[in-house]
Amino acid sequence: MTTSRWQSLETRLVAASIVFALLIAFVFAVLILSVSQLRSATAREARAKDRTVAALELEKLVLDMETGARGLVITGRERLLQPWTAARRQLPHGLAVFEERFADSPQRPQAETLDRLITAYVRDYSVPLVDLARHQPAAARIPLATVEGKHRLDAIRTRFSALLNAENRFAATSAASARSRSQSAITGAIAGLAMSALLIVGFGVYLARAIARPLREAAAGASRLAEGDLSTRLAQSGPGEVGDLTRSFNDMAQKLQSNRLELEEQNERLRESERLKAELVSIVSHELRTPLSSILGFTELLLRRTVDEPTRRSYLEIVVAQSQRLATLLNDFLDAQQAEEGQLHLAEEPIDMATILREQSRVFVGQSDRHEIRLDVDEPLPMRGDSSRMAQVVANLLSNAIKYSPQGGLVEVAGERTAGDVRIRVRDHGLGIPEDEQPRIFTKFFRGGAAASGISGTGLGLAISREIVEAHGGGIGFSSTPGSGSTFWLELPADANGDAAEHTATKGDT
Amino acid sequence: MKRSLVLALAALCAALLIPGAPVASTTLKGPGVIRITSRETNFTRVDTGAVGRSPGDMEISRLQLYNTRIRQRPIGHGQLVCIYTGDNLRNCDGTFVLPAGKLVVSGGLVYRSLYDLAVIGGTGLYSNVRGTLVVTRVRQKAPPGDVLVFRLVVS
C-alpha cells in the first residue's frame, strides 16, 4: 500500500512550508502596516508640533510688534522700536511659514482668519500707530490707541489660544494614535513572533515525531535485523513515506523471517535426508547383503559339492526365495522413488477390498506358524482403485503386524463398510510403537528402534502405503500402545455402485 | 455675456459684504465687524467764527468707501461734518452709505489720525445696530486715506 499524493510527506512538508511562508508574510505585512501607520501618526504629531511652533513664533512676532510700538508711543524713543522693526521684518516669513504649516491642517480656516487679523493689525493699526507716534506723538498716546491695540491684540491672542488648543488636541490625538499604533505594532509583532515560534516548535516536534523518531526506530530495527533478530518489527506509525518505510521494513523483516524459517526447515530436511540416506545405505547394504550372502553361499555349495537331488532342490528354493526378497526390496525402492517423484501410476477399476483382505491373509497365514491371522469381513467392500497397489498396502500392514509381534500371537484383520467409506483395520498384540517414534513412522527409511532389535525392513513400507492410500483419496492412521500392540486402519472411499464384487470377487473365504 | 456675469458676481459679493449677514436677511442678526477703507474726495473748512481756528468752525469731509478685497471701485460713499468746540476738539456727525444700508455715526474727536465715533444707528440692514467706528489714517498725503472699522452690535 503506497501513500497517495496528498498524503505524502513531500506534499505535507510543502504545504506546511507554504503555510509558514504565508503566516510569516502576514505577520510582516501586519508589522509593516503597523509601522507605516506609526510613522504616519508620528509624522502627524510632528507636523502638529511644527504648526504649534509656527503659531507661537508668529504670536511672539505680533507681541514684539505691539511691545515695540507701545514703547515708542509711550516713551517716544526710537530705540524701543527695535523689537517692532525686527518683528515686522520677520513677519512675512513668519506668516508664510504659518500658512504653509497650516495648509493641510484641520485648523486651516482658523489659521486663515488669524492671518487676516494679523495682517489687518499690522496694516491698519500697528504701522499707522508707529507712523503717528513718530509724527504726532500726542495723537498716538490717546486712550483709543491703547484700547484699539488691546482690542485687536486680544482678538488675535484669543484666536491663537483657540488655535493652539486645537493643535494641542490634534497633537495629543496624534500622539495617542501613535502610541496606540506602536502598541498595536508591538502586540502584533509579539503575537506573530509567538505564533511563528509556536508553529515552528510544533513543526519541529511534528518532524521529530513523524520523521526523525520513526527513522531512528527504523535504523535501530535495521541494526537488530542485521544482528540476526528477524522478529524485529516497527510500530506502524508516521505519515506518508515514513509510514510506507515502516510497512516496507516490516514486510521485509517478515519475508526475511519466513525465508529464514524456510531455510532452516530446508536445512533440517537436508540434514534428515542426509541422515536417512546414510541410514538407507546401511539398510540397503544390510538388506541386500543378507539375501545375497544366502544366494552366493548356496550357489557356491551347488557348484563345489555334489549333493543329492532333494538337497539341491532345497538349496535352489532358498536361492529363489532370497532372489524374490531382493526383487521385493528393489520394487520397494522403485515405488518409493516413483511416489517421491509423483509418478506413482494407479489403475482405476472396481475392486473389492474384502477379496484383497482374504487373499493377503491367506498368503501370510502360511508364512508364520506362531501367528494366528483372524479375518473378520462379512460383506463386499467395493471401491475404485488399483487392486495390486491396495494388495501391496494390506500386505505391508500384515507383514508389519507379524514382524513386530516377534513372540507370535493373534493378528486381527477386519473390514467394514461405513457411511460412504470402506474401513479396514489390522491389529496386532506385539511390541507396539514407542511414543517418541510414533510421529515419524510414515517417514521414509525411518525404522526407529527396529533396526537395533534385529527386525528386518527398509523403512519404506508405511511411507509407500500412505502414498498409495492418499492417491486413492483415502487416509491411513494408527493407534499404538507400547508393549501391547498396534492397530493400523485405512479409510477409503467406497464405490457407490457396489459392483466391484462382481469384477474382483474371488474364490471364497480364508 | 461676460459683462452680465461680472455684474452678477459683483452683486453677490456686495451682498456678502457684511460677514455673517445672511443675504436674504433684512436686519443684522448678530454682532459684526466691517472693515473698509476710505479716500477723502473733498475736504472743506468753513471759518464761521473768529478768524482762524475757533469754536464754531466746521470741517466737511466727503469720502469714497472701498473694500479692495471685493473690488477696486468704490462700494459706497460717506460724509462727515465736524464742528470745532475749542482746543482742537471737534464734534462730528457722519453718514456712511453702504450697499446694504446706511450707518450713522456721531461723537467727538481730537486727532484725525486716530479717532473713534459711536455708531448710533442705521438704515436697511443696519437699522437695528449700534457700536463703534475706529478710524485710522493710513495715508497722510492727499488724498488722505483711512481705515474704517465698524464694530456693530444688535441693539
# chains A, B, ... in the order shown; residues from 1 in each chain; ligands from 1

$ interface_residues --of "chain A" --to "chain B" --cutoff "10 Å" --atoms "only C-alpha atoms" --output "list of chain:residue names"
A:Ala120, A:Arg123, A:Asp124, A:Tyr125, A:Val127, A:Pro128, A:Leu129, A:Asp131, A:Leu132, A:Gln136, A:Ala138, A:Ala139, A:Ala140, A:Arg141, A:Ile142, A:Pro143, A:Leu144, A:Ala145, A:Glu148

$ residues_around --residues "B:Pro143" --least-positions-apart "6" --cutoff "10 Å" --atoms "only C-alpha atoms" --output "compact mmCIF listing (two decimals) with N, CA and C atoms, in the first residue's frame"
# COMPACT_ATOMS: atom_id res chain seq x y z
N SER B 38 -11.27 104.24 3.20
CA SER B 38 -11.92 105.43 2.60
C SER B 38 -10.85 106.32 1.96
N ARG B 39 -11.30 107.03 1.02
CA ARG B 39 -10.42 108.04 0.42
C ARG B 39 -11.19 109.38 0.41
N GLU B 40 -10.52 110.33 0.96
CA GLU B 40 -11.20 111.64 1.07
C GLU B 40 -11.23 112.30 -0.31
N THR B 41 -12.42 112.56 -0.77
CA THR B 41 -12.55 113.18 -2.10
C THR B 41 -12.73 114.69 -2.02
N ASN B 42 -13.16 115.11 -0.85
CA ASN B 42 -13.34 116.56 -0.72
C ASN B 42 -13.28 116.93 0.74
N PHE B 43 -12.58 118.02 1.02
CA PHE B 43 -12.48 118.50 2.39
C PHE B 43 -12.71 120.02 2.38
N LEU B 63 -16.22 111.40 1.39
CA LEU B 63 -15.36 110.20 1.27
C LEU B 63 -15.93 109.24 0.24

$ atom_distance --atom1 "atom CA of A:Gly454" --atom2 "atom CA of A:Arg275"
19.7 Å

$ residues_around --residues "A:Ile32" --least-positions-apart "5" --cutoff "9 Å" --atoms "only C-alpha atoms" --output "count of residues only"
3

$ atom_distance --atom1 "atom CA of B:Val81" --atom2 "atom CA of B:Ile60"
4.6 Å

$ residues_around --residues "A:Pro434" --least-positions-apart "2" --cutoff "9 Å" --atoms "only C-alpha atoms" --output "PyMOL selection string"
chain A and resi 431-432+436-438+448-449+480-483

$ atom_distance --atom1 "atom CA of B:Asn91" --atom2 "atom CA of B:Ala50"
18.1 Å

$ residues_around --residues "stretch 250-255 of chain A" --least-positions-apart "5" --cutoff "10 Å" --atoms "only C-alpha atoms" --output "NGL selection string"
:A and (218 or 221-222 or 225 or 229-236 or 244-245 or 260-261)

$ write_last_selection --atoms "C-alpha atoms" --output "PDB file, in the first residue's frame"
ATOM      1  CA  ALA A 218      13.928   2.080  11.626  1.00  0.00           C
ATOM      2  CA  GLY A 221      15.407  -2.030  13.799  1.00  0.00           C
ATOM      3  CA  ALA A 222      17.726  -2.409  10.823  1.00  0.00           C
ATOM      4  CA  LEU A 225      17.826  -7.126  11.888  1.00  0.00           C
ATOM      5  CA  ASP A 229      16.902 -10.639  15.211  1.00  0.00           C
ATOM      6  CA  LEU A 230      14.439 -11.269  12.427  1.00  0.00           C
ATOM      7  CA  SER A 231      11.475 -10.881  14.762  1.00  0.00           C
ATOM      8  CA  THR A 232      12.116  -7.137  14.771  1.00  0.00           C
ATOM      9  CA  ARG A 233       9.078  -5.123  13.756  1.00  0.00           C
ATOM     10  CA  LEU A 234       8.443  -1.412  13.688  1.00  0.00           C
ATOM     11  CA  ALA A 235       5.358   0.309  15.027  1.00  0.00           C
ATOM     12  CA  GLN A 236       3.095   1.261  12.153  1.00  0.00           C
ATOM     13  CA  ASP A 244       5.464   3.339   3.768  1.00  0.00           C
ATOM     14  CA  LEU A 245       9.013   2.866   5.021  1.00  0.00           C
ATOM     15  CA  ARG A 260      14.968 -17.943   7.295  1.00  0.00           C
ATOM     16  CA  LEU A 261      12.439 -20.369   8.744  1.00  0.00           C
TER      17      LEU A 261
END
